[in-house]
file data-v8.cif (mmCIF, C-alpha atoms and all ligand atoms)
data_run
#
loop_
_atom_site.label_atom_id
_atom_site.label_comp_id
_atom_site.auth_asym_id
_atom_site.auth_seq_id
_atom_site.Cartn_x
_atom_site.Cartn_y
_atom_site.Cartn_z
CA MET A 691 0.00 0.00 0.00
CA GLY A 692 1.27 3.49 -0.77
CA LEU A 693 0.19 7.10 -0.65
CA PRO A 694 -0.23 9.28 -3.74
CA LEU A 695 2.29 12.12 -3.90
CA SER A 696 -0.54 14.61 -4.33
CA SER A 697 -1.84 13.71 -0.87
CA PHE A 698 1.04 15.53 0.83
CA ALA A 699 0.46 19.12 -0.16
CA PRO A 700 -1.18 21.26 0.88
CA GLU A 701 -1.66 19.51 4.21
CA ARG A 702 -5.04 20.12 5.64
CA THR A 703 -5.36 18.36 8.97
CA GLU A 704 -2.91 17.77 11.82
CA THR A 705 -2.86 14.04 10.91
CA GLU A 706 -1.90 14.84 7.32
CA LYS A 707 0.89 17.13 8.53
CA GLU A 708 2.09 14.36 10.86
CA ILE A 709 2.08 11.83 7.99
CA HIS A 710 3.98 14.30 5.81
CA ARG A 711 6.67 14.75 8.47
CA LEU A 712 6.99 10.98 8.91
CA VAL A 713 7.26 10.39 5.16
CA ARG A 714 9.91 13.11 4.85
CA ARG A 715 11.94 11.44 7.62
CA LEU A 716 11.62 8.02 5.99
CA ALA A 717 12.71 9.55 2.68
CA ALA A 718 15.72 11.23 4.31
CA HIS A 719 16.89 7.79 5.45
CA GLY A 720 16.45 6.34 1.96
CA LEU A 721 13.63 4.09 3.15
CA LEU A 722 11.07 5.08 0.54
CA GLU A 723 10.50 4.11 -3.05
CA TRP A 724 8.16 5.96 -5.35
CA CYS A 725 5.81 4.08 -7.69
CA LEU A 726 4.56 5.39 -11.03
CA GLY A 727 1.64 4.13 -13.11
CA GLY A 728 0.31 0.58 -13.36
CA ALA A 729 -3.17 -0.63 -12.49
CA ARG A 730 -4.15 -1.23 -8.87
CA ASP A 731 -3.71 -5.02 -8.99
CA ARG A 732 -0.53 -4.94 -11.12
CA GLN A 733 3.05 -3.89 -10.56
CA PRO A 734 3.75 -0.19 -11.11
CA ASP A 735 5.21 0.77 -14.50
CA VAL A 736 8.25 2.36 -12.93
CA ILE A 737 9.70 2.42 -9.41
CA ILE A 738 11.90 5.34 -8.40
CA GLU A 739 14.73 4.43 -6.01
CA PRO A 740 16.30 7.49 -4.31
CA GLN A 741 20.11 7.58 -4.40
CA ILE A 742 20.65 10.56 -2.09
CA PRO A 743 19.06 11.23 1.32
CA ASP A 744 17.30 14.46 0.32
CA TYR A 745 15.71 13.17 -2.91
CA TRP A 746 12.07 14.16 -3.21
CA PRO A 747 10.32 13.61 -6.53
CA ARG A 748 9.72 16.81 -8.46
CA VAL A 749 8.04 16.95 -11.84
CA ALA A 750 9.78 19.53 -14.02
CA PRO A 751 7.35 21.28 -16.38
CA VAL A 752 7.29 19.91 -19.95
CA ARG A 753 5.62 21.75 -22.83
CA ALA A 754 4.55 20.29 -26.19
CA SER A 755 7.10 22.52 -27.94
CA ASP A 756 10.06 21.35 -25.77
CA VAL A 757 12.83 19.32 -27.42
CA LEU A 758 14.12 16.60 -25.09
CA VAL A 759 17.12 14.27 -25.27
CA LEU A 760 18.78 11.70 -23.00
CA SER A 761 21.80 12.89 -21.03
CA ARG A 762 25.06 11.36 -22.27
CA PHE A 763 25.62 10.26 -18.64
CA ALA A 764 22.36 8.23 -18.53
CA TYR A 765 22.50 4.45 -18.99
CA LEU A 766 20.07 1.54 -19.02
CA ARG A 767 21.33 -1.74 -17.53
CA ARG A 768 20.28 -5.07 -16.06
CA ARG A 769 20.46 -5.25 -12.27
CA GLY A 770 19.43 -8.73 -11.06
CA ASN A 771 16.17 -9.31 -12.92
CA ASP A 772 15.44 -5.61 -13.26
CA LEU A 773 16.04 -3.03 -15.94
CA VAL A 774 17.28 0.22 -14.41
CA LEU A 775 17.85 3.67 -15.88
CA GLU A 776 20.38 5.70 -13.95
CA SER A 777 22.93 8.47 -14.15
CA PRO A 778 25.77 9.62 -11.88
CA ARG A 779 24.09 13.05 -11.94
CA ALA A 780 20.66 11.80 -10.82
CA GLY A 781 19.28 11.88 -7.28
CA ALA A 782 17.29 8.69 -8.04
CA LEU A 783 17.30 5.70 -10.37
CA PHE A 784 14.29 4.42 -12.33
CA ARG A 785 13.43 0.70 -12.26
CA PHE A 786 11.29 -0.17 -15.28
CA HIS A 787 8.67 -2.93 -14.99
CA ASN A 788 6.93 -1.69 -18.11
CA ARG A 789 9.50 -2.52 -20.80
CA LYS A 790 7.55 -0.70 -23.51
CA LEU A 791 8.00 2.47 -21.51
CA ALA A 792 11.77 1.83 -21.31
CA ASN A 793 11.87 1.35 -25.08
CA ALA A 794 10.00 4.61 -25.50
CA VAL A 795 12.52 6.46 -23.29
CA ALA A 796 15.30 4.99 -25.47
CA LEU A 797 13.77 6.91 -28.40
CA LEU A 798 15.24 9.99 -26.76
CA ALA A 799 18.76 8.87 -27.75
CA ALA A 800 18.24 11.58 -30.36
CA PRO A 801 16.54 14.92 -29.62
CA ARG A 802 12.77 14.80 -30.13
CA ARG A 803 10.03 17.35 -29.80
CA MET A 804 7.54 16.45 -27.09
CA ARG A 805 4.60 17.09 -29.41
CA GLU A 806 5.78 14.39 -31.85
CA LEU A 807 6.61 11.91 -29.11
CA ARG A 808 3.17 12.11 -27.61
CA ARG A 809 1.76 10.68 -30.84
CA GLN A 810 3.70 7.41 -30.32
CA ASP A 811 2.00 4.48 -28.58
CA ASP A 812 3.23 3.82 -25.03
CA PHE A 813 5.12 7.07 -24.86
CA PRO A 814 5.76 8.21 -21.27
CA ASN A 815 3.42 10.85 -19.97
CA ASN A 816 4.51 14.30 -18.89
CA GLU A 817 4.92 13.11 -15.31
CA LEU A 818 7.67 10.56 -16.10
CA CYS A 819 9.41 12.95 -18.52
CA GLY A 820 9.24 15.70 -15.87
CA LEU A 821 10.73 13.39 -13.22
CA LEU A 822 13.54 12.32 -15.58
CA LEU A 823 14.21 15.96 -16.40
CA ASP A 824 14.40 16.83 -12.71
CA CYS A 825 16.98 14.01 -12.27
CA GLN A 826 19.03 15.31 -15.21
CA ILE A 827 18.56 11.97 -17.01
CA LEU A 828 16.80 13.98 -19.73
CA PHE A 829 17.53 17.55 -20.62
CA LYS A 830 15.84 20.23 -22.70
CA ILE A 831 17.72 21.58 -25.65
CA GLU A 832 17.26 24.60 -27.87
CA PRO A 833 16.37 23.36 -31.41
CA GLU A 834 19.36 25.20 -32.92
CA ARG A 835 21.81 23.30 -30.65
CA VAL A 836 20.75 19.72 -31.48
CA ASP A 837 23.97 19.14 -33.43
CA ALA A 838 26.18 20.03 -30.44
CA LEU A 839 24.71 17.86 -27.70
CA ARG A 840 27.84 17.59 -25.55
CA ALA A 841 28.33 21.35 -25.49
CA ALA A 842 24.64 21.94 -24.80
CA GLU A 843 24.48 19.82 -21.63
CA GLY A 844 25.52 21.63 -18.46
CA ASP A 845 28.34 24.06 -17.84
CA SER A 846 31.83 23.86 -19.33
CA ASN A 847 33.02 21.87 -16.29
CA LEU A 848 30.56 19.13 -17.21
CA VAL A 849 31.52 19.20 -20.87
CA LEU A 850 35.06 18.21 -19.82
CA TRP A 851 33.92 14.93 -18.20
CA ASP A 852 33.92 11.62 -20.05
CA PHE A 853 30.97 9.29 -19.31
CA HIS A 854 32.92 6.55 -17.52
CA ASP A 855 34.98 9.00 -15.47
CA LEU A 856 31.97 10.71 -13.88
CA LEU A 857 30.27 7.35 -13.30
CA PHE A 858 33.41 5.95 -11.65
CA HIS A 859 33.77 9.02 -9.43
CA ALA A 860 30.14 9.15 -8.30
CA ARG A 861 29.86 5.39 -7.71
CA SER A 862 33.23 4.75 -6.04
CA MET A 863 32.95 7.54 -3.45
CA GLU A 864 30.18 7.97 -0.86
CA GLY A 865 27.19 10.30 -0.85
CA ARG A 866 25.65 10.10 -4.31
CA HIS A 867 24.45 6.50 -4.49
CA ALA A 868 22.63 3.99 -2.31
CA ASN A 869 24.78 0.92 -3.00
CA PRO A 870 26.54 -1.06 -0.25
CA GLN A 871 30.15 0.11 -0.05
CA GLY A 872 33.47 -0.73 1.58
CA GLY A 873 34.90 -3.88 3.18
CA LEU A 874 31.77 -6.04 2.98
CA TYR A 875 33.45 -9.36 2.07
CA SER A 876 30.64 -10.01 -0.43
CA HIS A 877 32.52 -12.92 -2.03
CA ALA A 878 33.72 -14.60 1.16
CA GLY A 879 32.60 -18.24 1.24
CA LEU A 880 31.98 -18.19 -2.52
CA ILE A 881 35.41 -17.47 -3.97
CA PRO A 882 38.69 -18.05 -2.05
CA PRO A 883 40.83 -14.92 -1.44
CA LEU A 884 43.81 -14.43 -3.77
CA PRO A 885 47.15 -15.24 -2.09
CA ALA A 886 48.99 -12.32 -0.45
CA VAL A 887 52.08 -12.98 -2.58
CA ARG A 888 51.73 -13.91 -6.23
CA PRO A 889 52.67 -17.55 -6.98
CA ARG A 890 56.03 -17.56 -8.73
CA TRP A 891 56.52 -18.00 -12.47
CA PRO A 892 58.07 -21.29 -13.58
CA GLY A 893 61.17 -19.68 -15.26
CA LYS A 894 64.80 -19.50 -14.12
CA LYS A 895 65.18 -17.72 -10.76
CA VAL A 896 67.77 -15.02 -10.00
CA ASP A 897 67.97 -14.73 -6.20
CA LEU A 898 68.44 -11.05 -5.26
CA ARG A 899 68.87 -11.81 -1.56
CA LYS A 900 72.47 -12.80 -2.25
CA LEU A 901 73.10 -9.23 -3.45
CA ALA A 902 71.88 -7.64 -0.20
CA ALA A 903 75.36 -7.28 1.24
CA ALA A 904 76.53 -5.44 -1.86
CA GLN A 905 73.77 -2.84 -1.43
CA SER A 906 75.84 -0.66 0.86
CA ARG A 907 73.65 2.41 0.54
CA PRO A 908 69.95 1.40 0.50
CA ILE A 909 67.41 4.13 -0.29
CA SER A 910 66.38 6.14 2.76
CA PRO A 911 65.58 2.92 4.60
CA LYS A 912 64.47 4.51 7.83
CA LEU A 913 61.73 6.66 6.40
CA LEU A 914 60.32 3.99 4.11
CA ARG A 915 60.55 1.24 6.70
CA ASP A 916 59.22 3.33 9.59
CA ARG A 917 56.15 4.47 7.65
CA HIS A 918 52.96 2.96 8.99
CA SER A 919 49.34 3.96 9.50
CA THR A 920 48.34 5.66 12.73
CA ARG A 921 44.68 5.69 13.67
CA ILE A 922 44.89 6.65 17.35
CA PHE A 923 46.05 10.14 18.26
CA ASP A 924 47.36 11.72 21.46
CA ASP A 925 44.73 14.33 22.25
CA GLU A 926 46.64 15.46 25.35
CA ARG A 927 49.40 16.75 23.04
CA PRO A 928 47.72 17.57 19.72
CA ILE A 929 49.67 18.50 16.59
CA ALA A 930 50.76 22.18 16.62
CA ILE A 931 50.14 24.68 13.82
CA ALA A 932 53.90 24.98 13.13
CA GLU A 933 54.10 21.20 12.57
CA LEU A 934 51.05 21.31 10.32
CA ALA A 935 52.64 24.16 8.35
CA ARG A 936 55.80 22.09 7.92
CA VAL A 937 53.88 19.05 6.65
CA LEU A 938 52.01 21.21 4.13
CA ASP A 939 55.18 23.00 3.06
CA ALA A 940 56.98 19.71 2.45
CA THR A 941 54.14 17.95 0.65
CA ALA A 942 51.79 20.34 -1.09
CA ARG A 943 53.25 23.85 -1.37
CA VAL A 944 53.83 25.22 -4.85
CA GLN A 945 57.59 25.09 -5.43
CA SER A 946 57.91 26.72 -8.81
CA LYS A 947 55.72 28.08 -11.60
CA TRP A 948 56.06 28.20 -15.33
CA SER A 949 53.89 28.35 -18.40
CA SER A 950 54.08 26.61 -21.73
CA ASN A 951 52.39 26.84 -25.07
CA ASP A 952 50.20 23.72 -25.43
CA THR A 953 48.58 23.52 -28.88
CA GLY A 954 48.48 27.29 -29.17
CA VAL A 955 47.10 27.89 -25.68
CA VAL A 956 49.27 29.27 -22.89
CA VAL A 957 48.93 26.91 -19.93
CA GLU A 958 50.27 27.67 -16.44
CA TYR A 959 51.97 25.03 -14.34
CA ALA A 960 52.78 24.97 -10.60
CA ALA A 961 55.11 22.18 -9.46
CA ARG A 962 54.96 20.53 -6.02
CA SER A 963 57.12 17.92 -4.29
CA TYR A 964 55.13 14.88 -5.47
CA PRO A 965 54.75 13.78 -9.11
CA SER A 966 51.56 14.48 -11.09
CA GLY A 967 50.36 13.17 -14.47
CA GLY A 968 51.20 15.79 -17.10
CA ALA A 969 52.30 18.12 -14.25
CA SER A 970 48.60 19.00 -13.99
CA TYR A 971 48.52 19.10 -10.17
CA PRO A 972 44.73 18.99 -9.90
CA LEU A 973 44.68 18.16 -6.17
CA GLU A 974 43.60 20.62 -3.48
CA LEU A 975 43.82 20.09 0.26
CA TYR A 976 40.92 20.97 2.57
CA LEU A 977 41.54 20.65 6.30
CA GLY A 978 38.92 19.63 8.83
CA VAL A 979 40.56 20.66 12.09
CA SER A 980 39.30 19.24 15.35
CA LYS A 981 42.39 19.67 17.58
CA CYS A 982 45.45 21.62 16.56
CA GLU A 983 47.42 23.79 18.97
CA GLY A 984 47.35 27.37 17.72
CA LEU A 985 44.64 26.82 15.09
CA ALA A 986 40.92 27.19 15.77
CA PRO A 987 38.76 24.14 14.98
CA GLY A 988 37.05 24.55 11.62
CA PHE A 989 37.25 23.87 7.91
CA TYR A 990 40.08 25.39 5.85
CA HIS A 991 41.41 25.40 2.31
CA TYR A 992 45.19 25.17 1.92
CA ASP A 993 46.22 27.82 -0.58
CA ALA A 994 49.29 26.06 -1.99
CA GLY A 995 50.43 29.14 -3.92
CA SER A 996 50.62 31.48 -0.92
CA HIS A 997 51.23 28.74 1.70
CA SER A 998 48.30 29.82 3.85
CA LEU A 999 45.10 28.42 5.27
CA VAL A 1000 41.83 30.10 4.37
CA ALA A 1001 38.83 29.48 6.65
CA ILE A 1002 35.60 28.29 5.03
CA SER A 1003 32.52 28.85 7.14
CA VAL A 1004 30.50 25.63 7.57
CA PRO A 1005 27.78 24.56 9.99
CA PRO A 1006 29.37 22.70 12.97
CA GLN A 1007 27.23 19.60 12.22
CA GLN A 1008 28.85 19.28 8.78
CA LEU A 1009 32.38 19.46 10.22
CA GLU A 1010 31.35 16.93 12.83
CA ALA A 1011 29.91 14.61 10.13
CA LEU A 1012 33.15 14.90 8.13
CA LEU A 1013 35.35 14.00 11.12
CA ARG A 1014 32.99 11.25 12.28
CA GLY A 1015 33.04 9.72 8.79
CA ALA A 1016 36.85 9.50 8.93
CA GLN A 1017 36.76 8.05 12.44
CA PHE A 1018 34.33 5.38 11.21
CA ALA A 1019 36.44 4.60 8.13
CA MET A 1020 39.48 4.00 10.37
CA GLY A 1021 37.51 2.09 13.01
CA ALA A 1022 39.21 4.49 15.44
CA PRO A 1023 38.15 5.33 19.01
CA GLY A 1024 38.38 9.10 18.37
CA GLN A 1025 38.37 11.71 15.63
CA PRO A 1026 41.55 12.61 13.75
CA GLN A 1027 43.16 15.86 14.98
CA VAL A 1028 43.39 17.13 11.41
CA LEU A 1029 41.54 15.50 8.54
CA ILE A 1030 42.93 16.38 5.13
CA THR A 1031 40.40 15.97 2.34
CA ILE A 1032 42.17 15.50 -0.97
CA ALA A 1033 39.90 17.10 -3.56
CA ALA A 1034 40.44 17.28 -7.31
CA ARG A 1035 39.74 20.08 -9.76
CA PHE A 1036 38.68 17.56 -12.39
CA GLY A 1037 38.68 19.93 -15.31
CA ARG A 1038 42.37 20.71 -14.86
CA VAL A 1039 43.20 17.17 -16.08
CA ALA A 1040 40.21 16.49 -18.34
CA TRP A 1041 40.96 19.61 -20.40
CA LYS A 1042 43.98 17.74 -21.80
CA TYR A 1043 43.44 14.01 -21.25
CA SER A 1044 40.57 12.00 -22.75
CA ALA A 1045 39.40 8.72 -21.19
CA ILE A 1046 42.26 8.58 -18.63
CA ALA A 1047 41.58 11.80 -16.70
CA TYR A 1048 39.94 10.28 -13.62
CA ALA A 1049 42.40 7.39 -13.48
CA LEU A 1050 45.28 9.90 -13.53
CA ILE A 1051 43.68 11.86 -10.68
CA LEU A 1052 43.46 8.72 -8.52
CA LYS A 1053 47.11 7.92 -9.24
CA ASP A 1054 48.05 11.46 -8.20
CA ALA A 1055 46.04 11.00 -4.99
CA GLY A 1056 48.01 7.82 -4.28
CA VAL A 1057 51.41 9.45 -4.60
CA LEU A 1058 50.28 12.44 -2.54
CA MET A 1059 49.11 10.06 0.18
CA GLN A 1060 52.53 8.40 0.31
CA THR A 1061 54.21 11.83 0.35
CA LEU A 1062 52.04 12.81 3.34
CA TYR A 1063 52.90 9.51 5.07
CA LEU A 1064 56.64 10.09 4.59
CA ALA A 1065 56.50 13.70 5.82
CA ALA A 1066 54.50 12.64 8.90
CA THR A 1067 56.98 9.80 9.58
CA GLU A 1068 60.00 12.10 9.26
CA MET A 1069 58.43 14.55 11.72
CA GLY A 1070 57.40 11.92 14.25
CA LEU A 1071 53.70 12.52 13.55
CA GLY A 1072 51.07 9.91 12.73
CA GLY A 1073 48.87 9.61 9.66
CA CYS A 1074 46.46 7.28 7.93
CA ALA A 1075 45.20 7.26 4.34
CA ILE A 1076 41.43 6.93 3.94
CA GLY A 1077 40.20 5.68 0.60
CA THR A 1078 36.70 7.05 0.79
CA ALA A 1079 34.98 10.41 1.33
CA ASN A 1080 31.44 11.75 1.10
CA ILE A 1081 31.21 13.78 -2.10
CA ASP A 1082 27.72 15.05 -1.27
CA LEU A 1083 28.81 16.37 2.15
CA PHE A 1084 31.83 18.08 0.57
CA ALA A 1085 29.54 19.70 -2.03
CA LYS A 1086 27.35 21.03 0.77
CA MET A 1087 30.34 22.33 2.77
CA THR A 1088 32.00 24.06 -0.16
CA ARG A 1089 28.87 24.84 -2.21
CA ILE A 1090 30.74 23.52 -5.26
CA GLU A 1091 28.93 21.06 -7.55
CA ILE A 1092 30.29 17.50 -7.54
CA HIS A 1093 31.49 17.62 -11.14
CA ILE A 1094 33.61 20.75 -10.62
CA GLU A 1095 35.72 19.90 -7.57
CA GLY A 1096 35.35 16.98 -5.18
CA PRO A 1097 37.11 14.60 -2.81
CA VAL A 1098 39.00 11.55 -4.09
CA GLY A 1099 40.52 10.51 -0.76
CA GLN A 1100 41.39 11.68 2.74
CA PHE A 1101 44.36 11.62 5.11
CA ALA A 1102 44.08 11.69 8.90
CA LEU A 1103 46.95 13.50 10.60
CA GLY A 1104 47.98 14.15 14.19
CA ARG A 1105 50.34 13.26 17.00
CA ALA A 1106 50.36 9.49 17.36
CA GLY A 1107 48.76 8.09 20.50
CA LYS A 1108 50.61 5.64 22.71
CA VAL A 1109 48.16 2.78 22.20
CA GLY A 1110 49.12 0.26 19.49
CA ASN A 1111 47.46 0.53 16.14
CA PRO A 1112 45.29 -2.20 14.58
C1 LIG B 1 44.35 4.14 -0.91
C2 LIG B 1 44.34 3.76 0.55
C3 LIG B 1 43.15 3.77 1.25
C4 LIG B 1 43.12 3.45 2.62
N1 LIG B 1 41.93 3.53 3.29
C5 LIG B 1 41.90 3.27 4.63
C6 LIG B 1 40.68 3.43 5.37
O1 LIG B 1 39.63 3.81 4.82
N2 LIG B 1 40.69 3.13 6.68
C7 LIG B 1 41.84 2.73 7.33
O2 LIG B 1 41.78 2.49 8.54
N3 LIG B 1 43.01 2.60 6.65
C8 LIG B 1 43.07 2.86 5.33
N4 LIG B 1 44.27 2.77 4.64
C9 LIG B 1 45.50 2.36 5.34
C10 LIG B 1 45.77 0.89 5.12
O3 LIG B 1 44.86 0.11 5.88
C11 LIG B 1 47.21 0.58 5.53
O4 LIG B 1 48.08 1.30 4.66
C12 LIG B 1 47.52 -0.90 5.46
O5 LIG B 1 46.77 -1.61 6.43
C13 LIG B 1 49.01 -1.19 5.69
O6 LIG B 1 49.40 -0.73 6.95
P1 LIG B 1 50.54 0.39 7.15
O7 LIG B 1 50.09 1.62 6.41
O8 LIG B 1 50.61 0.64 8.63
O9 LIG B 1 51.81 -0.13 6.56
C14 LIG B 1 44.32 3.08 3.28
C15 LIG B 1 45.51 3.06 2.56
C16 LIG B 1 45.54 3.41 1.22
C17 LIG B 1 46.85 3.44 0.48
#

call {"tool": "encode", "arguments": {"input": "data-v8.cif", "output": "structure tokens"}}
result
Amino acid sequence: MGLPLSSFAPERTETEKEIHRLVRRLAAHGLLEWCLGGARDRQPDVIIEPQIPDYWPRVAPVRASDVLVLSRFAYLRRRGNDLVLESPRAGALFRFHNRKLANAVALLAAPRRMRELRRQDDFPNNELCGLLLDCQILFKIEPERVDALRAAEGDSNLVLWDFHDLLFHARSMEGRHANPQGGLYSHAGLIPPLPAVRPRWPGKKVDLRKLAAAQSRPISPKLLRDRHSTRIFDDERPIAIAELARVLDATARVQSKWSSNDTGVVVEYAARSYPSGGASYPLELYLGVSKCEGLAPGFYHYDAGSHSLVAISVPPQQLEALLRGAQFAMGAPGQPQVLITIAARFGRVAWKYSAIAYALILKDAGVLMQTLYLAATEMGLGGCAIGTANIDLFAKMTRIEIHIEGPVGQFALGRAGKVGNP
């Protein structure tokens, strides 16, 4: 049994208001699905599954003269026995029970005028088109731009994204999907784990251990061997602002600048101490500070050019949610003293590189993480890489849309606690 959407507004009685509040709370926890069409005794035509906590179905207005087309980020796929239409940009996915309706939506692979579409049998009504428009699975296009679909969809930051890159980003981080995520051991009991060390090849073996004595000057053995993850911090003696400044100076500060002429366009470069694909350096550091001697708790951007921290005003609950998320990811008893969110300016890389932009960004994040580990080790501080981050929370804190700049990893930093680490 369900309730029709129209029954919520305007609320008339106290009971209706109470039901509305309850439904909103259920929706915020992702516990509601929305059904469209279908006769009373049959399955609905389409079921809408929210992907973000604040999804609430809205029907965007559609006129007969509007020209509609599918977003290039939308895709139709089999999930179990279902056919689902989704997009990394959408707040919800659409599960189609009525396959004719799915076929009809597929007609929008090319721009079509609504007036013509309505003449087709089984074509979705305005309500479904309006819901898909609201989810950015469909978009309206000016008739004179139908030959430049990529350029016509979204701002220039979106134009720079390739389909698989945005999908990978939105689905492999938290916040913009409702899929189970993280160390769930989904295949345990079904498939044995791969061995920790790869079984050796059958060829002739050259034993390098015999050469160990000859290696009189191994590479910085102390730093590399001492590096380890620290998840418990000494809150009696938190990291001090001068130590934080030194870590940032060593790892992320701009060291030199130059410009070059790339295909007729003058491009500026700003080198740092870690390597970056194409010297793009798309990564930005945002600091969630809970305990740092000499620095007020809050959220900051590290301006790598001027080596300074710039405060960003955020509601305390958002900072708390950020720090709690990191604590949870580390299975730690307390919050990190400083949580570095590694965010990427995606367009910086995608402007040059096709198909490999997002992969390059993740590789950059990996080398930056190791650089942070080594700096922390050298200074006697503790750190821990965190592979995940909530892209929706970051978007709310920075008020930057997810496709412009967003987190690709995090690093917890502080003075190591005395208790052993897991
Ligand atoms: C990309 C990446 C993601 C990681 N994510 C997490 C994480 O979410 N939570 C956590 O507790 N540790 C995380 N770690 C730390 C690893 O668990 C740790 O490096 C590994 O257990 C080896 O231990 P060591 O760093 O002390 O040598 C991550 C490490 C890397 C490189």

call {"tool": "residues_around", "arguments": {"input": "data-v8.cif", "residues": "Tyr765 in chain A", "least_positions_apart": "4", "cutoff": "8 Å", "atoms": "all atoms listed in the file", "output": "PyMOL selection string"}}
result
chain A and resi 775-777

call {"tool": "residues_near_ligand", "arguments": {"input": "data-v8.cif", "ligand": "ligand LIG 1 (chain B)", "cutoff": "10 Å", "atoms": "only C-alpha atoms and all ligand atoms", "output": "PyMOL selection string"}}
result
chain A and resi 872-873+914-921+1015-1022+1052-1053+1055-1057+1059-1060+1063+1073-1079+1098-1102+1111-1112

call {"tool": "closest_residue", "arguments": {"input": "data-v8.cif", "among": "A:Asp845, A:Asp855, A:Glu1091, A:Asp824", "to": "Arg748 in chain A", "atoms": "all atoms listed in the file"}}
result
A:Asp824

call {"tool": "atom_distance", "arguments": {"input": "data-v8.cif", "atom1": "CA of Gln1025 in chain A", "atom2": "CA of Ile922 in chain A"}}
result
8.4 Å

call {"tool": "atom_distance", "arguments": {"input": "data-v8.cif", "atom1": "CA of Ile929 in chain A", "atom2": "CA of Gly1104 in chain A"}}
result
5.2 Å

call {"tool": "axis_aligned_box", "arguments": {"input": "data-v8.cif", "around": "range 826-837 of chain A", "padding_each_side": "5 Å", "output": "JSON"}}
result
{"center_x": 19.9, "center_y": 18.6, "center_z": -24.3, "size_x": 18.1, "size_y": 23.2, "size_z": 28.2}

call {"tool": "closest_residue", "arguments": {"input": "data-v8.cif", "among": "A:Pro694, A:Pro778, A:Gly988, A:Pro1023", "to": "Asp852 in chain A", "atoms": "all atoms listed in the file"}}
result
A:Pro778

call {"tool": "atom_distance", "arguments": {"input": "data-v8.cif", "atom1": "CA of Pro883 in chain A", "atom2": "CA of Ser862 in chain A"}}
result
21.6 Å

call {"tool": "closest_residue", "arguments": {"input": "data-v8.cif", "among": "A:Leu1013, A:Val1039, A:Val849, A:Leu1083", "to": "Ala969 in chain A", "atoms": "all atoms listed in the file"}}
result
A:Val1039

call {"tool": "closest_residue", "arguments": {"input": "data-v8.cif", "among": "A:His867, A:Arg1089, A:His991, A:Arg779", "to": "Cys825 in chain A", "atoms": "all atoms listed in the file"}}
result
A:Arg779

call {"tool": "residues_around", "arguments": {"input": "data-v8.cif", "residues": "Leu758 in chain A", "least_positions_apart": "3", "cutoff": "10 Å", "atoms": "only C-alpha atoms", "output": "ChimeraX atom specification"}}
result
/A:752,755,761,798-804,807,819,823,828-833,836

call {"tool": "closest_residue", "arguments": {"input": "data-v8.cif", "among": "A:Pro751, A:Arg768, A:Asn1080, A:Lys707", "to": "Gln871 in chain A", "atoms": "all atoms listed in the file"}}
result
A:Asn1080

call {"tool": "residues_around", "arguments": {"input": "data-v8.cif", "residues": "Leu934 in chain A", "least_positions_apart": "2", "cutoff": "9 Å", "atoms": "only C-alpha atoms", "output": "PDB file with C-alpha atoms, keeping the file's coordinate frame"}}
result
ATOM      1  CA  ILE A 929      49.670  18.500  16.590  1.00  0.00           C
ATOM      2  CA  ALA A 930      50.760  22.180  16.620  1.00  0.00           C
ATOM      3  CA  ILE A 931      50.140  24.680  13.820  1.00  0.00           C
ATOM      4  CA  ALA A 932      53.900  24.980  13.130  1.00  0.00           C
ATOM      5  CA  ARG A 936      55.800  22.090   7.920  1.00  0.00           C
ATOM      6  CA  VAL A 937      53.880  19.050   6.650  1.00  0.00           C
ATOM      7  CA  LEU A 938      52.010  21.210   4.130  1.00  0.00           C
ATOM      8  CA  ASP A 939      55.180  23.000   3.060  1.00  0.00           C
ATOM      9  CA  CYS A 982      45.450  21.620  16.560  1.00  0.00           C
ATOM     10  CA  VAL A1028      43.390  17.130  11.410  1.00  0.00           C
ATOM     11  CA  LEU A1103      46.950  13.500  10.600  1.00  0.00           C
ATOM     12  CA  GLY A1104      47.980  14.150  14.190  1.00  0.00           C
TER      13      GLY A1104
END

call {"tool": "closest_residue", "arguments": {"input": "data-v8.cif", "among": "A:Tyr992, A:Gln733, A:Tyr971, A:Val749", "to": "Leu821 in chain A", "atoms": "all atoms listed in the file"}}
result
A:Val749

call {"tool": "residues_around", "arguments": {"input": "data-v8.cif", "residues": "Ala960 in chain A", "least_positions_apart": "3", "cutoff": "8 Å", "atoms": "all atoms listed in the file", "output": "JSON, numbers by chain"}}
result
{"A": [944, 945, 946, 947, 948, 969, 971]}

call {"tool": "write_last_selection", "arguments": {"input": "data-v8.cif", "atoms": "C-alpha atoms", "output": "JSON list (two decimals), keeping the file's coordinate frame"}}
result
[["chain", "number", "residue", "atom", "x", "y", "z"],
["A", 944, "VAL", "CA", 53.83, 25.22, -4.85],
["A", 945, "GLN", "CA", 57.59, 25.09, -5.43],
["A", 946, "SER", "CA", 57.91, 26.72, -8.81],
["A", 947, "LYS", "CA", 55.72, 28.08, -11.60],
["A", 948, "TRP", "CA", 56.06, 28.20, -15.33],
["A", 969, "ALA", "CA", 52.30, 18.12, -14.25],
["A", 971, "TYR", "CA", 48.52, 19.10, -10.17]]

call {"tool": "residues_near_point", "arguments": {"input": "data-v8.cif", "point": "(29.9, 11.1, -20.5)", "cutoff": "12 Å", "atoms": "all atoms listed in the file", "output": "ChimeraX atom specification"}}
result
/A:760-765,777-779,827,839-841,843-844,847-859,1040,1044-1045,1093
